[in-house]
Amino acid sequence: MWLADLGNGNYRNPILYADYSDPDAIRVGDDYYMVASSFSNSPALPILHSKDLVNWKVINYCLDHVPEFRYRNPIHGCGVWAPSIRFHEGTYYVCFPMPDEGIYMTTTTDPWGKWSKPVNIRPGAGWIDPCPFWDDDGKVYLVAGVAKSRIGYKSVLHVVQMQPDGMGLIGEEVKIFDGNLNNQVTIEGPKMYKRNGWYYVFAPAGGVKTGWQTVLRSKNPFGPYEYKVVLRQGDSTVNGPHQGAWVDTVTGEDWFIHFQDVYAAGRIIHLQPMHWENDWPIIGINKEGNDYGEPVMEYRKPDIGKSREELSDTTKYPICEPDTDDEFDKDYLGLQWQWNANFDTAWYDLKNDETGHKKENGSCIRLNAVGTTHSRPVGDYRNLLLQKWPSPEFTCVTKMYINGLQEGDYAGTVSLGMEYGALGIARKNDGYYIRTVRGTQNFDCDVSYTDEDVKEIKIDISDFKDDLKTVYFRYTVKCVKRITRTEMSIPVENVPLEQIELEISFDGDNYTKYVSFDGKAGRWVGVKNGVFCMHDNRIKGDVEGFIAVDYVRYESL
């Protein structure tokens, strides 16, 4: 799909063309770990791993479910916001905000294993983007930003002392920076570090789509802090560039991971070289006369202290990307998948055959029809099984057997953003219908209101080519043009405009297009695509309906 490693010692940006927003990363030995926002999707809070900062795989999730009962339903844009990850004395810490509920901490000694039940270390709304920092003297501090939508003001950073174990706060917070006073409006996403006796807080300002990277420094964790802009878009095509993480290599090189908001595809991840001038970091490449850096689009890979011969061992250092395809031939759900809300294990079953029944060597996932209330829009179905867009342009083909559908059931494929669409087969009135859905999510104070248009076309039983009632769905994303500020009243030039198409086939060769629309990102997230199976509670009988999904396969265009 999208490979950043060029195979010649260089890499290209972005290193991940996927919506891993608000990244933070650390190095432990010669391993790198990255975390990212996940909002109201579950499992929540992905952990990615790399050996070279360029090739990444999702290896785990910190949370099976988003804390708090209300996330049994999708609450778009709420839930797990920008997390941070740190390692201290053998323990990994992930600190994450839920802007309505508080600041949480979860820990583990094995990032591939089970993470602890999260503890709310600062209950209450308003604080976001927390990052803990363990100092040389054993003291621990937490730096955090604020969300105007929850607290009434923005652009302010606070520091507060923490318990030595990081599981609680001590004393009162201190305001260390007010971006409203110095042209650093919307400063947020702070990460704290220390170097040469200086305390540094890396924090983006200026807004997600149009901002820059600012760094604060002080000789005291509570300030006073001076500041400097160290990375701007400049002449590059990388708008933002937004929050991220300073990491180093075992050879002493410094690098910076950050995201870029590309609208429909979400917030994709870049890697920039970093160096120091007069105890200030410069991210990217600074042109003659500039005391700040600009993003690079191609650069040499980080020096991780391995020889060319060692790096040629592809079992240890593979060129890779996060998984996309799924043949459903394992006894666990692939890590590329997330549900639209906190999931129930009763929603699905693995190791099934084409009829949706358990089989030792089966290779289908059975999706049970989950009930929904009357008039609930498709975008709010709890059991949408979703993936991130993995590439600028691609197709995704899903092979599905629908002979298990019962009266009132509806199953198919979905594209979820503020503009969304679904294409599937509905069973009702003892017949089968192709049902198309087009919807638009609107938000007011983080509550979604949806306009939805539903159409149905009755199909004949002879349209199915076998008793399993096999159906193929093709999902296509194409970049149809690059748009300018004036064309769509946006603050960024050269934005990709993607068109989404949903098609159906009964033989796997001949497809008919039923849904087409322009992509628009969701609430703080990129567009996702996936599958679902639901039923209408008004007419559901005692018989449980289901579908079996044989495979999901992606291909770049």
# chains A, B, ... in the order shown; residues from 1 in each chain; ligands from 1
$ residues_around --residues "Val208 in chain A" --least-positions-apart "2" --cutoff "8 Å" --atoms "only C-alpha atoms" --output "list of chain:residue names"
A:Ala205, A:Gly206, A:Thr210, A:Gly211, A:Gly240, A:Pro241, A:His242, A:Gln260, A:Asp261
$ residues_around --residues "His65 in chain A" --least-positions-apart "3" --cutoff "8 Å" --atoms "only C-alpha atoms" --output "PyMOL selection string"
chain A and resi 42-44+342-343
$ write_last_selection --atoms "N, CA, C and O atoms" --output "tab-separated table (two decimals), in the first residue's frame"
chain	number	residue	atom	x	y	z
A	42	SER	N	-12.83	1.33	19.72
A	42	SER	CA	-12.22	0.30	20.55
A	42	SER	C	-11.87	-0.92	19.69
A	42	SER	O	-12.54	-1.17	18.70
A	43	PRO	N	-10.78	-1.67	20.09
A	43	PRO	CA	-9.91	-1.37	21.21
A	43	PRO	C	-9.26	-0.01	21.02
A	43	PRO	O	-9.18	0.52	19.90
A	44	ALA	N	-8.79	0.57	22.12
A	44	ALA	CA	-8.38	1.97	22.12
A	44	ALA	C	-6.89	2.12	22.42
A	44	ALA	O	-6.29	1.29	23.07
A	342	ASN	N	-17.33	0.98	22.12
A	342	ASN	CA	-16.87	-0.15	22.93
A	342	ASN	C	-17.58	-1.43	22.49
A	342	ASN	O	-18.81	-1.50	22.45
A	343	PHE	N	-16.78	-2.43	22.15
A	343	PHE	CA	-17.33	-3.62	21.51
A	343	PHE	C	-17.77	-4.67	22.53
A	343	PHE	O	-17.37	-4.65	23.71
$ closest_residue --among "A:Asp409, A:Asp353, A:Asp326, A:Glu173" --to "Cys396 in chain A" --atoms "only C-alpha atoms"
A:Asp326
$ residues_around --residues "Ala203 in chain A" --least-positions-apart "6" --cutoff "12 Å" --atoms "only C-alpha atoms" --output "CSV table (one decimal) with all heavy atoms, in the first residue's frame"
chain,number,residue,atom,x,y,z
A,22,ASP,N,-1.8,12.8,16.6
A,22,ASP,CA,-1.3,13.2,17.9
A,22,ASP,C,-0.2,12.2,18.4
A,22,ASP,O,-0.3,11.7,19.6
A,22,ASP,CB,-2.4,13.3,19.0
A,22,ASP,CG,-3.5,14.2,18.5
A,22,ASP,OD1,-3.3,15.3,18.0
A,22,ASP,OD2,-4.7,13.7,18.6
A,24,ASP,N,3.0,10.2,19.9
A,24,ASP,CA,4.2,10.4,20.8
A,24,ASP,C,5.0,9.1,20.7
A,24,ASP,O,4.4,8.0,20.4
A,24,ASP,CB,3.7,10.6,22.3
A,24,ASP,CG,4.9,11.0,23.2
A,24,ASP,OD1,5.8,11.6,22.6
A,24,ASP,OD2,4.9,10.7,24.4
A,129,ASP,N,-3.9,16.5,26.5
A,129,ASP,CA,-2.5,16.4,26.0
A,129,ASP,C,-1.5,16.3,27.1
A,129,ASP,O,-0.5,17.0,27.1
A,129,ASP,CB,-2.1,17.6,25.1
A,129,ASP,CG,-3.1,17.8,24.0
A,129,ASP,OD1,-4.0,16.9,23.7
A,129,ASP,OD2,-3.1,18.8,23.3
A,130,PRO,N,-1.7,15.4,28.1
A,130,PRO,CA,-0.7,15.4,29.2
A,130,PRO,C,0.5,14.6,28.9
A,130,PRO,O,0.5,13.7,28.1
A,130,PRO,CB,-1.5,14.6,30.3
A,130,PRO,CG,-2.4,13.7,29.5
A,130,PRO,CD,-2.7,14.4,28.2
A,131,CYS,N,1.6,15.0,29.5
A,131,CYS,CA,2.9,14.3,29.3
A,131,CYS,C,3.7,14.3,30.7
A,131,CYS,O,4.0,15.3,31.2
A,131,CYS,CB,3.7,14.9,28.3
A,131,CYS,SG,5.4,14.2,28.0
A,143,VAL,N,3.1,18.0,32.4
A,143,VAL,CA,2.7,19.1,31.6
A,143,VAL,C,1.5,18.8,30.8
A,143,VAL,O,1.3,17.7,30.3
A,143,VAL,CB,3.9,19.6,30.7
A,143,VAL,CG1,4.3,18.5,29.7
A,143,VAL,CG2,3.6,20.9,30.0
A,144,ALA,N,0.6,19.8,30.7
A,144,ALA,CA,-0.7,19.6,29.9
A,144,ALA,C,-1.2,20.9,29.4
A,144,ALA,O,-0.9,22.0,29.8
A,144,ALA,CB,-1.7,19.0,30.9
A,145,GLY,N,-2.1,20.7,28.3
A,145,GLY,CA,-2.8,21.8,27.8
A,145,GLY,C,-4.2,21.9,28.2
A,145,GLY,O,-4.6,21.1,29.1
A,155,SER,N,-4.9,27.8,24.7
A,155,SER,CA,-3.6,28.3,24.5
A,155,SER,C,-2.8,28.5,25.7
A,155,SER,O,-1.8,29.3,25.8
A,155,SER,CB,-3.6,29.7,23.7
A,155,SER,OG,-4.4,29.6,22.6
A,156,VAL,N,-3.1,27.7,26.8
A,156,VAL,CA,-2.4,27.8,28.0
A,156,VAL,C,-1.8,26.4,28.4
A,156,VAL,O,-2.5,25.4,28.2
A,156,VAL,CB,-3.3,28.3,29.2
A,156,VAL,CG1,-2.6,28.2,30.5
A,156,VAL,CG2,-3.7,29.7,28.9
A,157,LEU,N,-0.5,26.4,28.9
A,157,LEU,CA,0.1,25.2,29.3
A,157,LEU,C,0.3,25.2,30.8
A,157,LEU,O,0.7,26.3,31.4
A,157,LEU,CB,1.4,25.0,28.6
A,157,LEU,CG,1.4,24.9,27.1
A,157,LEU,CD1,2.8,24.7,26.5
A,157,LEU,CD2,0.4,23.9,26.6
A,177,PHE,N,2.9,28.9,30.5
A,177,PHE,CA,2.9,29.6,29.3
A,177,PHE,C,1.5,30.0,28.8
A,177,PHE,O,0.6,29.2,29.0
A,177,PHE,CB,3.6,28.7,28.2
A,177,PHE,CG,4.0,29.4,26.9
A,177,PHE,CD1,5.1,30.2,26.9
A,177,PHE,CD2,3.2,29.3,25.8
A,177,PHE,CE1,5.5,30.9,25.7
A,177,PHE,CE2,3.6,30.0,24.6
A,177,PHE,CZ,4.7,30.8,24.6
A,179,GLY,N,-0.1,31.3,25.4
A,179,GLY,CA,0.1,31.6,24.0
A,179,GLY,C,-0.7,32.7,23.5
A,179,GLY,O,-0.4,33.3,22.4
A,184,GLN,N,1.3,32.9,20.0
A,184,GLN,CA,1.4,31.4,20.0
A,184,GLN,C,0.0,30.8,20.3
A,184,GLN,O,-0.1,29.9,21.1
A,184,GLN,CB,2.5,30.9,21.0
A,184,GLN,CG,3.9,31.4,20.7
A,184,GLN,CD,4.4,31.0,19.3
A,184,GLN,OE1,4.3,29.8,19.0
A,184,GLN,NE2,4.9,31.9,18.5
A,185,VAL,N,-1.0,31.4,19.7
A,185,VAL,CA,-2.4,31.0,20.0
A,185,VAL,C,-2.5,29.5,19.6
A,185,VAL,O,-1.9,29.0,18.6
A,185,VAL,CB,-3.3,31.9,19.2
A,185,VAL,CG1,-4.8,31.4,19.4
A,185,VAL,CG2,-3.2,33.3,19.7
A,186,THR,N,-3.4,28.8,20.3
A,186,THR,CA,-3.7,27.4,20.2
A,186,THR,C,-2.5,26.5,20.4
A,186,THR,O,-2.3,25.4,19.9
A,186,THR,CB,-4.2,27.1,18.8
A,186,THR,OG1,-5.2,28.1,18.4
A,186,THR,CG2,-5.0,25.8,18.7
A,187,ILE,N,-1.6,27.0,21.3
A,187,ILE,CA,-0.5,26.1,21.7
A,187,ILE,C,-1.0,25.0,22.5
A,187,ILE,O,-1.9,25.1,23.4
A,187,ILE,CB,0.6,26.9,22.5
A,187,ILE,CG1,1.9,26.1,22.5
A,187,ILE,CG2,0.1,27.4,23.8
A,187,ILE,CD1,3.1,26.8,22.9
A,188,GLU,N,-0.6,23.8,22.2
A,188,GLU,CA,-1.2,22.5,22.8
A,188,GLU,C,-0.2,21.4,22.6
A,188,GLU,O,1.0,21.6,22.2
A,188,GLU,CB,-2.5,22.2,22.1
A,188,GLU,CG,-2.4,22.0,20.6
A,188,GLU,CD,-3.7,21.9,19.9
A,188,GLU,OE1,-4.7,21.7,20.6
A,188,GLU,OE2,-3.7,21.9,18.7
A,189,GLY,N,-0.6,20.2,22.9
A,189,GLY,CA,0.2,19.0,22.7
A,189,GLY,C,1.6,19.0,23.3
A,189,GLY,O,2.5,18.6,22.6
A,190,PRO,N,1.8,19.5,24.5
A,190,PRO,CA,3.2,19.7,25.1
A,190,PRO,C,3.8,18.3,25.4
A,190,PRO,O,3.2,17.4,25.9
A,190,PRO,CB,2.9,20.5,26.3
A,190,PRO,CG,1.6,20.1,26.8
A,190,PRO,CD,0.8,19.9,25.5
A,191,LYS,N,5.1,18.2,25.2
A,191,LYS,CA,5.9,17.1,25.6
A,191,LYS,C,7.2,17.7,26.3
A,191,LYS,O,7.9,18.5,25.8
A,191,LYS,CB,6.4,16.2,24.4
A,191,LYS,CG,5.2,15.7,23.6
A,191,LYS,CD,4.4,14.7,24.3
A,191,LYS,CE,3.3,14.0,23.5
A,191,LYS,NZ,2.3,15.0,23.0
A,192,MET,N,7.5,17.1,27.5
A,192,MET,CA,8.6,17.7,28.3
A,192,MET,C,9.8,16.8,28.2
A,192,MET,O,9.7,15.5,28.3
A,192,MET,CB,8.2,17.8,29.7
A,192,MET,CG,9.2,18.4,30.6
A,192,MET,SD,8.7,18.8,32.3
A,192,MET,CE,8.0,20.4,32.1
A,193,TYR,N,11.0,17.4,28.1
A,193,TYR,CA,12.3,16.7,28.0
A,193,TYR,C,13.3,17.5,28.8
A,193,TYR,O,13.0,18.6,29.2
A,193,TYR,CB,12.8,16.6,26.6
A,193,TYR,CG,11.8,16.0,25.6
A,193,TYR,CD1,10.9,16.8,24.9
A,193,TYR,CD2,11.7,14.6,25.5
A,193,TYR,CE1,10.0,16.2,24.0
A,193,TYR,CE2,10.7,14.0,24.6
A,193,TYR,CZ,9.9,14.8,23.9
A,193,TYR,OH,9.0,14.3,23.0
A,211,GLY,N,-0.4,25.6,11.5
A,211,GLY,CA,0.5,26.0,12.6
A,211,GLY,C,1.9,25.6,12.3
A,211,GLY,O,2.4,25.4,11.2
A,212,TRP,N,2.7,25.6,13.4
A,212,TRP,CA,4.1,25.4,13.4
A,212,TRP,C,4.5,24.7,14.8
A,212,TRP,O,3.7,24.6,15.7
A,212,TRP,CB,4.8,26.7,13.3
A,212,TRP,CG,4.3,27.7,14.3
A,212,TRP,CD1,4.7,27.9,15.6
A,212,TRP,CD2,3.2,28.7,14.1
A,212,TRP,NE1,4.0,28.9,16.3
A,212,TRP,CE2,3.1,29.4,15.4
A,212,TRP,CE3,2.4,29.0,13.1
A,212,TRP,CZ2,2.1,30.4,15.6
A,212,TRP,CZ3,1.4,30.0,13.3
A,212,TRP,CH2,1.3,30.7,14.5
A,213,GLN,N,5.8,24.4,14.9
A,213,GLN,CA,6.3,23.8,16.1
A,213,GLN,C,7.1,24.9,16.9
A,213,GLN,O,8.0,25.5,16.4
A,213,GLN,CB,7.3,22.7,15.8
A,213,GLN,CG,6.6,21.4,15.3
A,213,GLN,CD,5.8,20.7,16.4
A,213,GLN,OE1,6.1,20.8,17.5
A,213,GLN,NE2,4.7,20.0,15.9
A,214,THR,N,6.6,25.0,18.2
A,214,THR,CA,7.3,25.9,19.1
A,214,THR,C,7.9,25.1,20.2
A,214,THR,O,7.4,24.0,20.5
A,214,THR,CB,6.2,26.8,19.7
A,214,THR,OG1,5.6,27.7,18.7
A,214,THR,CG2,6.8,27.7,20.8
A,215,VAL,N,9.1,25.6,20.7
A,215,VAL,CA,9.7,24.9,21.8
A,215,VAL,C,10.0,25.9,22.9
A,215,VAL,O,10.4,27.1,22.6
A,215,VAL,CB,11.1,24.3,21.4
A,215,VAL,CG1,11.9,23.8,22.6
A,215,VAL,CG2,10.8,23.1,20.4
A,216,LEU,N,9.7,25.6,24.1
A,216,LEU,CA,9.9,26.4,25.3
A,216,LEU,C,11.1,25.8,26.0
A,216,LEU,O,11.4,24.6,26.0
A,216,LEU,CB,8.7,26.4,26.3
A,216,LEU,CG,7.3,26.4,25.7
A,216,LEU,CD1,6.3,26.4,26.9
A,216,LEU,CD2,7.1,27.6,24.9
A,217,ARG,N,11.9,26.7,26.7
A,217,ARG,CA,13.0,26.2,27.6
A,217,ARG,C,13.1,27.0,28.8
A,217,ARG,O,12.8,28.2,28.8
A,217,ARG,CB,14.3,26.1,26.8
A,217,ARG,CG,15.0,27.4,26.6
A,217,ARG,CD,16.3,27.2,25.8
A,217,ARG,NE,17.0,28.5,25.8
A,217,ARG,CZ,18.2,28.7,25.1
A,217,ARG,NH1,18.8,27.7,24.5
A,217,ARG,NH2,18.8,29.9,25.1
A,227,TYR,N,10.8,31.1,24.5
A,227,TYR,CA,10.3,30.2,23.5
A,227,TYR,C,10.9,30.6,22.1
A,227,TYR,O,11.5,31.7,21.9
A,227,TYR,CB,8.8,30.3,23.4
A,227,TYR,CG,8.3,31.6,22.8
A,227,TYR,CD1,8.0,31.6,21.4
A,227,TYR,CD2,8.1,32.7,23.6
A,227,TYR,CE1,7.5,32.8,20.9
A,227,TYR,CE2,7.6,33.9,23.0
A,227,TYR,CZ,7.3,33.9,21.7
A,227,TYR,OH,6.8,35.1,21.1
A,228,LYS,N,10.8,29.6,21.2
A,228,LYS,CA,11.3,29.8,19.9
A,228,LYS,C,10.6,28.9,18.9
A,228,LYS,O,10.3,27.7,19.3
A,228,LYS,CB,12.8,29.4,19.8
A,228,LYS,CG,13.5,29.5,18.5
A,228,LYS,CD,15.0,29.1,18.6
A,228,LYS,CE,15.6,29.0,17.2
A,228,LYS,NZ,15.6,30.3,16.5
A,229,VAL,N,10.2,29.4,17.7
A,229,VAL,CA,9.6,28.5,16.7
A,229,VAL,C,10.8,27.8,16.0
A,229,VAL,O,11.7,28.4,15.5
A,229,VAL,CB,8.8,29.4,15.7
A,229,VAL,CG1,8.3,28.5,14.5
A,229,VAL,CG2,7.7,30.1,16.4
A,230,VAL,N,10.7,26.5,15.9
A,230,VAL,CA,11.8,25.7,15.4
A,230,VAL,C,11.4,24.9,14.1
A,230,VAL,O,12.3,24.3,13.5
A,230,VAL,CB,12.2,24.7,16.5
A,230,VAL,CG1,12.7,25.4,17.7
A,230,VAL,CG2,11.2,23.7,16.8
A,231,LEU,N,10.1,24.9,13.7
A,231,LEU,CA,9.7,24.2,12.5
A,231,LEU,C,8.5,24.9,11.9
A,231,LEU,O,7.5,25.1,12.6
A,231,LEU,CB,9.4,22.7,12.8
A,231,LEU,CG,8.8,21.9,11.6
A,231,LEU,CD1,9.8,21.8,10.5
A,231,LEU,CD2,8.3,20.6,12.1
A,241,PRO,N,3.2,22.1,10.5
A,241,PRO,CA,3.2,20.7,10.9
A,241,PRO,C,3.0,20.6,12.4
A,241,PRO,O,3.4,21.4,13.1
A,241,PRO,CB,4.7,20.2,10.5
A,241,PRO,CG,5.4,21.5,10.5
A,241,PRO,CD,4.5,22.6,10.2
A,242,HIS,N,2.2,19.5,12.8
A,242,HIS,CA,1.7,19.5,14.2
A,242,HIS,C,2.4,18.6,15.1
A,242,HIS,O,3.5,18.0,14.8
A,242,HIS,CB,0.2,19.2,14.1
A,242,HIS,CG,-0.6,20.0,15.2
A,242,HIS,ND1,-0.7,21.3,15.2
A,242,HIS,CD2,-1.2,19.5,16.3
A,242,HIS,CE1,-1.5,21.7,16.2
A,242,HIS,NE2,-1.7,20.6,16.9
A,243,GLN,N,1.8,18.4,16.3
A,243,GLN,CA,2.5,17.8,17.5
A,243,GLN,C,3.2,16.5,17.2
A,243,GLN,O,2.7,15.7,16.3
A,243,GLN,CB,1.6,17.8,18.6
A,243,GLN,CG,0.6,16.6,18.6
A,243,GLN,CD,-0.3,16.7,19.8
A,243,GLN,OE1,-1.2,17.6,19.9
A,243,GLN,NE2,-0.3,15.7,20.7
A,244,GLY,N,4.2,16.2,18.1
A,244,GLY,CA,4.8,14.9,17.9
A,244,GLY,C,5.8,14.7,19.0
A,244,GLY,O,5.6,15.1,20.2
A,245,ALA,N,6.9,14.0,18.7
A,245,ALA,CA,7.9,13.5,19.7
A,245,ALA,C,9.3,13.6,19.2
A,245,ALA,O,9.6,13.3,18.1
A,245,ALA,CB,7.6,12.1,20.0
A,246,TRP,N,10.2,14.0,20.1
A,246,TRP,CA,11.6,14.0,19.9
A,246,TRP,C,12.1,12.6,20.4
A,246,TRP,O,11.9,12.2,21.5
A,246,TRP,CB,12.3,15.1,20.7
A,246,TRP,CG,13.8,15.0,20.9
A,246,TRP,CD1,14.6,14.3,20.2
A,246,TRP,CD2,14.5,15.5,22.0
A,246,TRP,NE1,15.9,14.4,20.7
A,246,TRP,CE2,15.9,15.2,21.8
A,246,TRP,CE3,14.2,16.3,23.1
A,246,TRP,CZ2,16.9,15.5,22.7
A,246,TRP,CZ3,15.2,16.7,24.0
A,246,TRP,CH2,16.5,16.3,23.8
A,258,HIS,N,6.0,13.8,13.7
A,258,HIS,CA,4.9,14.7,13.9
A,258,HIS,C,3.8,14.4,12.9
A,258,HIS,O,4.0,13.5,12.0
A,258,HIS,CB,5.3,16.2,13.7
A,258,HIS,CG,5.7,16.5,12.2
A,258,HIS,ND1,4.8,16.9,11.3
A,258,HIS,CD2,6.9,16.4,11.6
A,258,HIS,CE1,5.5,17.1,10.1
A,258,HIS,NE2,6.7,16.8,10.3
$ select_by_dssp --residues "range 130-218 of chain A" --states "strand (DSSP E or B)" --output "VMD selection string"
chain A and resid 130 to 134 140 to 146 156 to 162 169 to 178 191 to 195 198 to 205 212 to 218
$ select_by_dssp --residues "range 125-214 of chain A" --states "helix (DSSP H, G or I)" --output "PyMOL selection string"
chain A and resi 148-151+179-181
$ residues_around --residues "Glu294 in chain A" --least-positions-apart "3" --cutoff "8 Å" --atoms "only C-alpha atoms" --output "JSON, numbers by chain"
{"A": [231, 232, 233, 234, 235, 236, 283, 284, 285, 286, 287]}
$ write_last_selection --atoms "C-alpha atoms" --output "compact mmCIF listing (two decimals), in the first residue's frame"
# COMPACT_ATOMS: atom_id res chain seq x y z
CA LEU A 231 9.74 24.22 12.46
CA ARG A 232 7.51 25.90 9.88
CA GLN A 233 5.90 24.75 6.65
CA GLY A 234 7.97 27.21 4.65
CA ASP A 235 8.13 26.32 0.98
CA SER A 236 7.20 22.67 1.61
CA ILE A 283 13.59 20.41 13.15
CA GLY A 284 13.85 19.62 9.46
CA ILE A 285 16.33 21.50 7.29
CA ASN A 286 16.98 25.19 7.89
CA LYS A 287 17.66 27.14 4.73
$ residues_around --residues "Pro99 in chain A" --least-positions-apart "5" --cutoff "9 Å" --atoms "only C-alpha atoms" --output "PyMOL selection string"
chain A and resi 78-81+124-128+146-147+150
$ residues_around --residues "Gln161 in chain A" --least-positions-apart "6" --cutoff "9 Å" --atoms "only C-alpha atoms" --output "NGL selection string"
:A and (139-143 or 168-173)
$ residues_around --residues "range 482-489 of chain A" --least-positions-apart "5" --cutoff "12 Å" --atoms "only C-alpha atoms" --output "list of chain:residue names"
A:Thr237, A:Val262, A:Tyr263, A:Asn494, A:Val495, A:Pro496, A:Leu497, A:Glu498, A:Gln499
$ closest_residue --among "A:Arg195, A:Lys359, A:Lys114, A:Arg553" --to "Pro281 in chain A" --atoms "only C-alpha atoms"
A:Arg195
$ atom_distance --atom1 "CA of Asp430 in chain A" --atom2 "CA of Asn403 in chain A"
12.8 Å
$ closest_residue --among "A:Cys445, A:Met162, A:Leu557, A:Met297" --to "Ser149 in chain A" --atoms "only C-alpha atoms"
A:Cys445
$ atom_distance --atom1 "CA of Cys95 in chain A" --atom2 "CA of Tyr32 in chain A"
17.2 Å
